[in-house]
Each structure stands twice: as structure tokens, then as C-alpha cells.
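Student: Supplied structure: upload.cif, mmCIF, C-alpha atoms (C1' of nucleotides).
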```cif
data_entry
#
loop_
_atom_site.label_atom_id
_atom_site.label_comp_id
_atom_site.auth_asym_id
_atom_site.auth_seq_id
_atom_site.Cartn_x
_atom_site.Cartn_y
_atom_site.Cartn_z
CA MET A 26 -27.52 -2.79 7.01
CA ARG A 27 -29.71 0.16 6.22
CA ASN A 28 -26.90 2.43 5.38
CA GLN A 29 -25.01 0.41 2.83
CA LYS A 30 -27.67 0.49 0.16
CA ILE A 31 -27.09 3.58 -1.87
CA GLY A 32 -29.40 3.18 -4.82
CA PHE A 33 -27.30 1.41 -7.46
CA ASN A 34 -25.52 -1.88 -7.86
CA TYR A 35 -21.88 -2.30 -7.03
CA PRO A 36 -19.65 -2.80 -10.04
CA PRO A 37 -17.94 -6.20 -10.19
CA THR A 38 -14.45 -4.69 -10.02
CA LYS A 39 -13.00 -1.32 -9.24
CA VAL A 40 -13.39 0.57 -12.49
CA GLY A 41 -9.96 2.03 -12.85
CA CYS A 42 -9.32 5.57 -11.93
CA PRO A 43 -6.18 6.30 -13.93
CA VAL A 44 -4.39 7.65 -10.87
CA GLU A 45 -4.98 4.30 -9.20
CA THR A 46 -3.47 2.47 -12.14
CA THR A 47 -0.27 4.43 -11.72
CA LEU A 48 -0.24 3.99 -7.96
CA ASP A 49 -0.74 0.26 -8.42
CA VAL A 50 2.48 0.17 -10.40
CA ILE A 51 4.69 2.41 -8.29
CA GLY A 52 2.98 2.27 -4.90
CA GLY A 53 4.40 -0.95 -3.45
CA LYS A 54 6.21 -0.74 -0.17
CA TRP A 55 9.72 -0.48 -1.61
CA LYS A 56 9.03 0.46 -5.19
CA GLY A 57 9.63 4.15 -4.69
CA ILE A 58 13.09 3.42 -3.38
CA ILE A 59 13.83 0.92 -6.10
CA LEU A 60 12.72 3.20 -8.91
CA TYR A 61 14.44 6.21 -7.44
CA HIS A 62 17.76 4.41 -7.40
CA LEU A 63 17.29 2.83 -10.82
CA ILE A 64 17.02 6.27 -12.38
CA ASP A 65 20.77 6.66 -11.78
CA GLY A 66 21.47 3.42 -13.61
CA LYS A 67 21.52 -0.32 -13.13
CA LYS A 68 21.87 -1.90 -9.73
CA ARG A 69 22.63 -5.38 -8.43
CA PHE A 70 20.49 -7.20 -5.93
CA ASN A 71 22.76 -6.65 -2.96
CA GLU A 72 23.31 -3.02 -3.85
CA PHE A 73 19.68 -2.40 -2.99
CA ARG A 74 20.14 -4.34 0.22
CA LYS A 75 23.07 -2.16 1.15
CA LEU A 76 21.18 1.03 0.31
CA TYR A 77 18.20 -0.04 2.42
CA PRO A 78 19.25 -2.80 4.79
CA ALA A 79 15.76 -2.99 6.28
CA ILE A 80 14.41 -4.62 3.12
CA THR A 81 14.33 -8.37 3.50
CA GLN A 82 15.51 -10.50 0.61
CA ARG A 83 12.03 -11.82 0.11
CA MET A 84 10.44 -8.38 -0.10
CA LEU A 85 13.12 -7.11 -2.44
CA THR A 86 12.61 -10.12 -4.69
CA LEU A 87 8.84 -9.73 -4.67
CA GLN A 88 8.91 -6.03 -5.44
CA LEU A 89 11.45 -6.45 -8.23
CA ARG A 90 9.44 -9.30 -9.74
CA GLU A 91 6.30 -7.19 -9.77
CA LEU A 92 8.09 -4.32 -11.45
CA GLU A 93 9.51 -6.81 -13.93
CA LYS A 94 6.10 -8.27 -14.65
CA ASP A 95 4.70 -4.79 -15.27
CA GLY A 96 7.52 -4.21 -17.75
CA ILE A 97 9.11 -1.41 -15.74
CA VAL A 98 12.31 -3.18 -14.78
CA HIS A 99 14.64 -5.41 -16.78
CA ARG A 100 16.44 -8.29 -15.11
CA GLU A 101 19.75 -9.27 -16.64
CA ILE A 102 21.24 -12.54 -15.46
CA TYR A 103 24.94 -13.21 -15.94
CA LYS A 104 25.84 -16.87 -15.95
CA GLU A 105 28.59 -16.57 -13.42
CA ILE A 106 29.45 -18.02 -10.07
CA PRO A 107 28.85 -16.37 -7.65
CA PRO A 108 25.64 -15.21 -9.33
CA LYS A 109 25.35 -11.76 -10.82
CA VAL A 110 22.04 -10.12 -11.68
CA GLU A 111 21.58 -6.56 -12.78
CA TYR A 112 18.35 -4.60 -12.61
CA SER A 113 17.64 -1.60 -14.81
CA LEU A 114 14.73 0.48 -16.04
CA THR A 115 13.21 -0.56 -19.35
CA GLU A 116 12.28 1.98 -21.97
CA PHE A 117 8.75 1.78 -20.61
CA GLY A 118 10.05 2.23 -17.09
CA ARG A 119 11.75 5.43 -18.17
CA SER A 120 8.31 6.87 -18.88
CA LEU A 121 7.82 6.99 -15.11
CA GLU A 122 10.87 9.19 -14.63
CA PRO A 123 9.06 12.53 -14.57
CA ILE A 124 6.66 11.23 -11.93
CA ILE A 125 9.44 9.78 -9.79
CA LEU A 126 11.42 13.01 -10.01
CA LEU A 127 8.43 15.15 -9.11
CA MET A 128 7.71 12.89 -6.16
CA LYS A 129 11.33 13.14 -5.11
CA GLU A 130 11.20 16.93 -5.18
CA TRP A 131 7.91 17.05 -3.34
CA GLY A 132 9.21 14.68 -0.69
CA GLU A 133 12.39 16.66 -0.20
CA THR A 134 10.52 19.92 0.10
CA HIS A 135 7.76 18.77 2.41
CA LYS A 136 9.27 15.89 4.34
CA ASN A 137 9.63 17.80 7.60
CA ARG A 138 6.10 19.12 7.40
CA ILE A 139 4.73 15.62 6.95
CA ILE A 140 6.81 14.21 9.76
CA SER A 141 5.67 16.86 12.21
CA ALA A 142 2.05 16.60 11.07
CA ARG A 143 2.24 12.94 11.98
CA THR A 144 4.03 13.21 15.30
CA VAL A 145 1.44 15.41 16.98
CA GLU A 146 0.05 12.55 19.04
CA LYS A 147 -1.65 14.44 21.85
CA GLU A 148 -1.88 18.20 22.00
CA GLU A 149 -3.65 18.37 25.33
CA ILE A 150 -4.82 16.06 28.09
CA MET B 22 20.96 -17.09 9.35
CA ARG B 23 24.20 -16.90 7.44
CA ASN B 24 22.89 -14.77 4.72
CA GLN B 25 21.26 -11.96 6.59
CA LYS B 26 24.43 -10.46 8.01
CA ILE B 27 25.69 -8.04 5.45
CA GLY B 28 28.48 -6.24 7.18
CA PHE B 29 26.81 -3.22 8.77
CA ASN B 30 24.21 -2.54 11.40
CA TYR B 31 20.59 -2.06 10.52
CA PRO B 32 19.36 1.48 11.05
CA PRO B 33 16.66 1.82 13.71
CA THR B 34 14.10 3.20 11.26
CA LYS B 35 13.74 3.50 7.53
CA VAL B 36 15.79 6.57 6.70
CA GLY B 37 13.44 8.40 4.42
CA CYS B 38 13.88 8.23 0.72
CA PRO B 39 12.02 11.34 -0.47
CA VAL B 40 10.00 9.34 -2.98
CA GLU B 41 8.76 7.19 -0.11
CA THR B 42 7.66 10.28 1.80
CA THR B 43 5.45 11.29 -1.10
CA LEU B 44 4.11 7.78 -1.59
CA ASP B 45 3.31 7.62 2.11
CA VAL B 46 1.06 10.64 1.64
CA ILE B 47 -0.69 9.76 -1.61
CA GLY B 48 -0.26 5.99 -1.80
CA GLY B 49 -3.15 4.83 0.39
CA LYS B 50 -5.64 2.49 -1.17
CA TRP B 51 -8.21 5.14 -2.08
CA LYS B 52 -6.18 8.31 -1.88
CA GLY B 53 -5.48 8.49 -5.59
CA ILE B 54 -9.18 8.49 -6.30
CA ILE B 55 -9.93 10.99 -3.57
CA LEU B 56 -7.24 13.42 -4.65
CA TYR B 57 -8.08 13.04 -8.31
CA HIS B 58 -11.67 14.05 -7.68
CA LEU B 59 -10.80 16.84 -5.26
CA ILE B 60 -8.80 18.58 -7.98
CA ASP B 61 -12.12 19.46 -9.64
CA GLY B 62 -13.39 21.03 -6.42
CA LYS B 63 -14.96 20.16 -3.12
CA LYS B 64 -16.90 16.98 -2.58
CA ARG B 65 -19.25 15.66 0.07
CA PHE B 66 -18.81 12.34 1.84
CA ASN B 67 -21.51 10.53 -0.10
CA GLU B 68 -20.37 11.97 -3.39
CA PHE B 69 -17.22 9.92 -3.06
CA ARG B 70 -19.31 6.90 -2.19
CA LYS B 71 -21.35 7.39 -5.31
CA LEU B 72 -18.27 7.83 -7.48
CA TYR B 73 -16.67 4.64 -6.08
CA PRO B 74 -19.33 2.54 -4.43
CA ALA B 75 -16.81 -0.16 -3.55
CA ILE B 76 -15.26 2.06 -0.88
CA THR B 77 -16.74 1.24 2.49
CA GLN B 78 -17.71 4.08 4.78
CA ARG B 79 -15.00 3.10 7.20
CA MET B 80 -12.25 3.13 4.59
CA LEU B 81 -13.41 6.42 3.18
CA THR B 82 -13.40 7.95 6.63
CA LEU B 83 -9.94 6.58 7.43
CA GLN B 84 -8.40 7.75 4.19
CA LEU B 85 -9.93 11.20 4.46
CA ARG B 86 -8.78 11.53 8.05
CA GLU B 87 -5.22 10.65 7.10
CA LEU B 88 -5.20 13.18 4.30
CA GLU B 89 -6.61 15.71 6.74
CA LYS B 90 -3.94 14.96 9.33
CA ASP B 91 -1.24 15.40 6.69
CA GLY B 92 -2.72 18.80 5.87
CA ILE B 93 -3.70 17.84 2.32
CA VAL B 94 -7.47 17.94 2.76
CA HIS B 95 -9.72 20.38 4.55
CA ARG B 96 -12.89 19.18 6.26
CA GLU B 97 -15.69 21.70 6.53
CA ILE B 98 -18.58 20.77 8.79
CA TYR B 99 -21.93 22.50 8.35
CA LYS B 100 -24.11 22.41 11.43
CA GLU B 101 -27.19 21.16 9.69
CA ILE B 102 -29.51 18.23 9.91
CA PRO B 103 -29.07 15.97 8.04
CA PRO B 104 -25.31 16.46 8.40
CA LYS B 105 -23.29 18.12 5.68
CA VAL B 106 -19.52 17.88 5.41
CA GLU B 107 -17.45 19.14 2.52
CA TYR B 108 -13.95 18.02 1.68
CA SER B 109 -11.53 20.12 -0.34
CA LEU B 110 -7.82 20.42 -1.07
CA THR B 111 -5.87 22.79 1.14
CA GLU B 112 -3.31 25.17 -0.29
CA PHE B 113 -0.70 22.57 0.65
CA GLY B 114 -2.74 19.85 -1.00
CA ARG B 115 -2.70 21.84 -4.22
CA SER B 116 1.07 21.37 -4.31
CA LEU B 117 0.37 17.73 -5.17
CA GLU B 118 -1.62 18.68 -8.26
CA PRO B 119 1.21 18.33 -10.78
CA ILE B 120 1.99 14.84 -9.48
CA ILE B 121 -1.65 13.74 -9.51
CA LEU B 122 -2.12 15.06 -13.03
CA LEU B 123 1.02 13.34 -14.29
CA MET B 124 -0.10 10.11 -12.68
CA LYS B 125 -3.50 10.52 -14.29
CA GLU B 126 -1.93 10.96 -17.73
CA TRP B 127 0.41 8.04 -17.26
CA GLY B 128 -2.42 5.83 -16.09
CA GLU B 129 -4.63 6.79 -19.01
CA THR B 130 -1.87 6.17 -21.51
CA HIS B 131 -0.60 2.88 -20.14
CA LYS B 132 -3.59 1.35 -18.40
CA ASN B 133 -4.20 -1.32 -21.03
CA ARG B 134 -0.57 -2.30 -21.13
CA ILE B 135 -0.51 -2.78 -17.36
CA ILE B 136 -3.73 -4.75 -17.37
CA SER B 137 -2.51 -7.14 -20.02
CA ALA B 138 0.92 -7.48 -18.43
CA ARG B 139 -0.86 -8.66 -15.33
CA THR B 140 -3.34 -11.03 -16.92
CA VAL B 141 -0.76 -13.24 -18.61
CA GLU B 142 -1.11 -16.08 -16.11
CA LYS B 143 0.33 -18.98 -18.09
CA GLU B 144 1.86 -18.64 -21.51
CA GLU B 145 2.67 -22.29 -22.02
CA ILE B 146 2.30 -25.61 -20.27
"C1'" DA C 7 -45.39 6.74 14.45
"C1'" DA C 8 -42.37 5.09 11.12
"C1'" DA C 9 -39.16 6.10 7.51
"C1'" DC C 10 -35.58 8.94 5.41
"C1'" DA C 11 -31.33 11.32 4.84
"C1'" DT C 12 -26.32 12.27 6.06
"C1'" DA C 13 -22.06 11.36 8.00
"C1'" DG C 14 -20.30 8.87 10.42
"C1'" DT C 15 -18.63 4.95 14.70
"C1'" DA C 16 -17.98 0.10 16.66
"C1'" DT C 17 -16.63 -4.49 16.45
"C1'" DA C 18 -15.10 -8.68 14.65
"C1'" DA C 19 -13.52 -11.42 11.05
"C1'" DA C 20 -11.16 -12.15 6.78
"C1'" DA C 21 -7.57 -11.13 3.65
"C1'" DC C 22 -3.37 -9.47 2.56
"C1'" DT C 23 1.43 -7.96 3.59
"C1'" DG C 24 5.66 -8.27 5.67
"C1'" DT C 25 9.13 -10.58 8.77
"C1'" DA C 26 12.08 -14.12 10.51
"C1'" DT C 27 14.60 -17.94 9.85
"C1'" DA C 28 16.56 -21.53 7.50
"C1'" DC C 29 17.87 -23.40 3.23
"C1'" DT C 30 19.76 -23.99 -1.87
"C1'" DA C 31 23.49 -23.91 -5.77
"C1'" DC C 32 28.24 -23.60 -7.23
"C1'" DA C 33 33.09 -22.12 -7.93
"C1'" DG C 34 37.16 -20.31 -5.65
"C1'" DG C 35 40.30 -19.76 -1.66
"C1'" DG C 36 42.77 -21.35 2.56
"C1'" DC D 18 37.19 -30.21 3.62
"C1'" DC D 19 35.15 -26.26 5.22
"C1'" DC D 20 34.12 -21.38 4.52
"C1'" DT D 21 32.92 -17.51 1.56
"C1'" DG D 22 29.96 -14.77 -1.66
"C1'" DT D 23 25.71 -13.94 -4.63
"C1'" DA D 24 21.09 -14.23 -5.53
"C1'" DG D 25 17.88 -16.08 -4.45
"C1'" DT D 26 13.61 -19.85 -2.51
"C1'" DA D 27 10.63 -22.09 1.24
"C1'" DT D 28 7.92 -22.02 5.15
"C1'" DA D 29 5.56 -20.38 8.96
"C1'" DC D 30 4.18 -16.84 11.66
"C1'" DA D 31 3.06 -11.92 13.05
"C1'" DG D 32 1.16 -7.75 11.95
"C1'" DT D 33 -1.57 -4.64 9.35
"C1'" DT D 34 -5.32 -3.52 6.29
"C1'" DT D 35 -9.65 -4.03 4.53
"C1'" DT D 36 -14.25 -5.78 4.67
"C1'" DA D 37 -18.73 -6.77 6.50
"C1'" DT D 38 -22.28 -5.77 9.36
"C1'" DA D 39 -24.76 -3.38 12.60
"C1'" DC D 40 -25.43 0.78 15.00
"C1'" DT D 41 -25.75 6.11 16.31
"C1'" DA D 42 -27.66 11.05 16.08
"C1'" DT D 43 -31.43 14.23 14.80
"C1'" DG D 44 -34.66 17.18 12.18
"C1'" DT D 45 -37.95 16.73 8.40
"C1'" DT D 46 -41.26 14.29 5.67
"C1'" DT D 47 -45.05 10.77 4.95
#
```
Could you take the file, read its structure, and then write that structure out as C-alpha cells?
Tutor:
Amino acid sequence: MRNQKIGFNYPPTKVGCPVETTLDVIGGKWKGIILYHLIDGKKRFNEFRKLYPAITQRMLTLQLRELEKDGIVHREIYKEIPPKVEYSLTEFGRSLEPIILLMKEWGETHKNRIISARTVEKEEI
Amino acid sequence: MRNQKIGFNYPPTKVGCPVETTLDVIGGKWKGIILYHLIDGKKRFNEFRKLYPAITQRMLTLQLRELEKDGIVHREIYKEIPPKVEYSLTEFGRSLEPIILLMKEWGETHKNRIISARTVEKEEI
DNA sequence: AAACATAGTATAAAACTGTATACTACAGGG
DNA sequence: CCCTGTAGTATACAGTTTTATACTATGTTT
């Protein structure tokens, strides 16, 4: 283990780079999708499932709960049967809007480039 | 498995939400940190390790290679002994600057709020 | 001759994430 | 009385990521 020593002690935790803080909040597997759709207004649980059927119920629940815990998303429960729950952005969540919109634009503009950069598996044999 | 059927067929792959495309590029565990520091100019391999000693060599290599494959980062090898390799943003990588800077601002502004939102383990018994 | 520096690679294990499947509650409709 | 719909929860397993540790190359310095 010669190489690992680098002349100073490791900090106990990752001292936050601010960019990492933001990515921690919005970087979950389905959070981009969730936030992107919440910008247009509130959504019900199964609306998300219809928009992205590949999300399992468990993952959707987990991601929404994390966003809720971070104060980004508000969860409104209607005491009805069958159940009705609406998700929406909080005021705080709205502060992410410019970032989400920039990411949306960037993704739209460069999506094809990224896809082709990643599908070059073998150029030559 | 009553609940999983939802009245339409699952698509074969996740049809890209543009926000997800962007998060796929910048959302890796250490990519925020890497990109944030590359905005100031080129960096050598061990400079990153000194900035964030918790990154292992392997992770740093993997993250840099992914950014390189996506065309975000340029890797310049100097044929010297001991080795010297410099990493920098490509022209394409520069197009991420506005997003990185917004994320940096958001993180700086709301870091404490996020930390405390996440450390409320039990309010009452 | 041994040690140092840089930029990695190799391998295995541990930790975390995500999936699959089954299950719950309750009111209304047939 | 059984089925439907909504919004979940529970459990176990599979898959992916991340970590830990050791190792490589090679020219220069001690």
C-alpha cells in the first residue's frame, strides 16, 4: 500500500463541494424525470408510472420520499377511497427550476452526441 | 402481481428524458467535483487526489475515463518520467459550465438546509 | 542498491441500489 | 361475494458501484 499514502490525513467525511450537494439532491436515478414533470404542475403517483412505466412502485416511492425529505416536493394526501395523493414542487423546490431547465436544454441539444459517443464499442479489431 | 399491470406495454428501454441525459453525463459520484475544479483550468491526476483525498485512484480513473468518452474532458499525456497527465475541459465540456456554476451557487446557498433536512432522524418518540 | 515520484491497473470483497413479486386497505360496482 | 382501482409496503434477491489492497513501469535521486 505504498501508493495510497499521500502526505496528509483523510478527512472524516467528504467535505462538501457545493456542486456535489446539488447533485445529491437532484441526482437520484429518477429524480430528473420527476422534477422535470413537476415543473408543469402537480402529478399523482400513477401519472408518473404512466409517464415512465419502467419505474417500479418501490423506486418511485423511495425517490419521492427523498425529495420530500429534502423539502423539494410536497405530498398532499386526500382522504378518499381509492386513495389520492398529489405531488408538487415546494417553494424551495422551485429554486431548482433554472437548473432543471438548463439541464433539459443541454440534454435536448446534445443527446445524440452523447448516445453516439457511448455506442462506439469497438472501432477496430 | 395484480398491481403491476397498468394497461400498456413497457418500452424496451428508458426513452430518454432530456434531464436524465444530462444527469447521466454529470451525475457520477465524483463528476461534480471534477468538473467544478476543471472550470478553473487543467489539473493533473494527483491534484484531484489532493483536493479530495477520499477518492480512490480507481474511482478517479473511472470517472475521468467516462467524462473523456463523453467528450467532456481532454486527457493530455506527456511522455515524461515520472508520468505527467493533464486533464482539461474540451470545448464541448465548456457547454456544461452554466449548469455547473448554477449548481455550485445552489449548493452554496442551500447546503445547510439540505444537511439539516437530512439529519432529523427522530423528532419524537 | 534502495527509495521516490507519477499515473495508473488488477482483483476481490463489501456496500449500496434496483428489481421482482406478493401483499395490504377500503369503498363502489356487477 | 368477488373484482376493480389507488397508493402504497414487505421481503428477498440480483446487479451495480465503490472500496481496499496490492501491484506495475521507469528515470532520477540518495
Student: Output as a Markdown table one row per residue of chain C within 7 Å of chain B: the closest atom pair and its distance in Å to one decimal place, counting all atoms listed in the file, sorted by chain and residue number ascending.
Tutor:
```
| residue | atom | partner | partner_atom | distance |
| --- | --- | --- | --- | --- |
| C:DA11 | C1' | B:Pro103 | CA | 6.1 |
| C:DT12 | C1' | B:Pro104 | CA | 4.9 |
| C:DA13 | C1' | B:Pro104 | CA | 6.1 |
| C:DT27 | C1' | B:Met22 | CA | 6.4 |
| C:DA28 | C1' | B:Met22 | CA | 6.5 |
```
Student: Would you mind listing, for every residue of chain D within 12 Å of chain B, the two atoms forming the shortest contact and the distance between them in Å to one decimal, using all atoms listed in the file, sorted by chain and ascending residue number, as a Markdown table?
Tutor:
```
| residue | atom | partner | partner_atom | distance |
| --- | --- | --- | --- | --- |
| D:DC20 | C1' | B:Arg23 | CA | 11.3 |
| D:DT21 | C1' | B:Arg23 | CA | 10.5 |
| D:DG22 | C1' | B:Asn24 | CA | 9.5 |
| D:DT23 | C1' | B:Asn24 | CA | 9.8 |
| D:DA24 | C1' | B:Asn24 | CA | 10.4 |
| D:DG25 | C1' | B:Asn24 | CA | 10.5 |
| D:DT34 | C1' | B:Lys50 | CA | 9.6 |
| D:DT35 | C1' | B:Met80 | CA | 7.6 |
| D:DT36 | C1' | B:Thr77 | CA | 7.8 |
| D:DA37 | C1' | B:Thr77 | CA | 9.2 |
| D:DT38 | C1' | B:Thr77 | CA | 11.3 |
| D:DA42 | C1' | B:Pro103 | CA | 9.5 |
| D:DT43 | C1' | B:Ile102 | CA | 6.6 |
| D:DG44 | C1' | B:Ile102 | CA | 5.7 |
| D:DT45 | C1' | B:Ile102 | CA | 8.7 |
```
Student: Rounded to one decimal, what separation in Å do you get between CA of Val40 (chain B) and CA of Lys129 (chain A)?
Tutor: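 Between CA of Val40 (chain B) and CA of Lys129 (chain A) the gap works out to 4.6 Å.
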Student: Dump as a ChimeraX atom specification the residues of chain A that approach chain B to within 8 Å, counting only C-alpha atoms.
Tutor: /A:31,35-36,39,42-48,52,55,57-58,61,75,77-79,94-96,121,124-125,127-133,136,139,142-143
Student: So what do you get for CA of Leu85 (chain A) versus C1' of DA20 (chain C), distance-wise?
Tutor: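 C1' of DA20 (chain C) lies at a distance of 26.5 Å from CA of Leu85 (chain A).
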Student: What does region 34-84 of chain A look like written to a file with C-alpha atoms, as an mmCIF file, in the first residue's frame?
Tutor:
```cif
data_model
loop_
_atom_site.group_PDB
_atom_site.id
_atom_site.type_symbol
_atom_site.label_atom_id
_atom_site.label_comp_id
_atom_site.auth_asym_id
_atom_site.auth_seq_id
_atom_site.Cartn_x
_atom_site.Cartn_y
_atom_site.Cartn_z
ATOM 1 C CA ASN A 34 -4.747 12.552 6.763
ATOM 2 C CA TYR A 35 -8.060 11.699 5.204
ATOM 3 C CA PRO A 36 -10.926 13.875 6.372
ATOM 4 C CA PRO A 37 -13.631 12.016 8.306
ATOM 5 C CA THR A 38 -16.320 12.841 5.746
ATOM 6 C CA LYS A 39 -16.411 14.226 2.264
ATOM 7 C CA VAL A 40 -16.135 17.962 2.808
ATOM 8 C CA GLY A 41 -18.906 19.184 0.607
ATOM 9 C CA CYS A 42 -18.156 20.548 -2.765
ATOM 10 C CA PRO A 43 -21.251 22.654 -3.415
ATOM 11 C CA VAL A 44 -21.803 21.023 -6.795
ATOM 12 C CA GLU A 45 -21.979 17.673 -5.013
ATOM 13 C CA THR A 46 -24.596 18.994 -2.618
ATOM 14 C CA THR A 47 -26.826 19.870 -5.541
ATOM 15 C CA LEU A 48 -26.185 16.581 -7.300
ATOM 16 C CA ASP A 49 -27.023 14.739 -4.102
ATOM 17 C CA VAL A 50 -30.443 16.343 -4.186
ATOM 18 C CA ILE A 51 -31.313 16.003 -7.860
ATOM 19 C CA GLY A 52 -29.051 13.163 -8.966
ATOM 20 C CA GLY A 53 -31.084 10.118 -7.936
ATOM 21 C CA LYS A 54 -31.976 7.627 -10.599
ATOM 22 C CA TRP A 55 -35.436 9.009 -11.358
ATOM 23 C CA LYS A 56 -35.277 12.436 -9.808
ATOM 24 C CA GLY A 57 -34.528 14.233 -13.037
ATOM 25 C CA ILE A 58 -37.672 12.814 -14.567
ATOM 26 C CA ILE A 59 -39.751 13.535 -11.501
ATOM 27 C CA LEU A 60 -38.594 17.131 -11.212
ATOM 28 C CA TYR A 61 -38.890 17.758 -14.908
ATOM 29 C CA HIS A 62 -42.522 16.722 -14.878
ATOM 30 C CA LEU A 63 -43.334 18.534 -11.650
ATOM 31 C CA ILE A 64 -42.312 21.821 -13.220
ATOM 32 C CA ASP A 65 -45.515 21.641 -15.290
ATOM 33 C CA GLY A 66 -47.604 21.208 -12.162
ATOM 34 C CA LYS A 67 -48.742 18.606 -9.684
ATOM 35 C CA LYS A 68 -48.845 14.942 -10.522
ATOM 36 C CA ARG A 69 -50.387 11.851 -8.971
ATOM 37 C CA PHE A 70 -48.460 8.715 -8.176
ATOM 38 C CA ASN A 71 -49.746 6.696 -11.098
ATOM 39 C CA GLU A 72 -49.272 9.564 -13.502
ATOM 40 C CA PHE A 73 -45.544 9.177 -13.030
ATOM 41 C CA ARG A 74 -45.898 5.449 -13.546
ATOM 42 C CA LYS A 75 -47.702 6.042 -16.803
ATOM 43 C CA LEU A 76 -45.109 8.570 -17.969
ATOM 44 C CA TYR A 77 -42.247 6.184 -17.184
ATOM 45 C CA PRO A 78 -43.596 2.663 -16.864
ATOM 46 C CA ALA A 79 -40.124 1.285 -16.194
ATOM 47 C CA ILE A 80 -40.078 2.836 -12.725
ATOM 48 C CA THR A 81 -41.139 0.309 -10.134
ATOM 49 C CA GLN A 82 -43.531 1.396 -7.422
ATOM 50 C CA ARG A 83 -40.860 0.957 -4.821
ATOM 51 C CA MET A 84 -38.329 3.133 -6.629
#
```
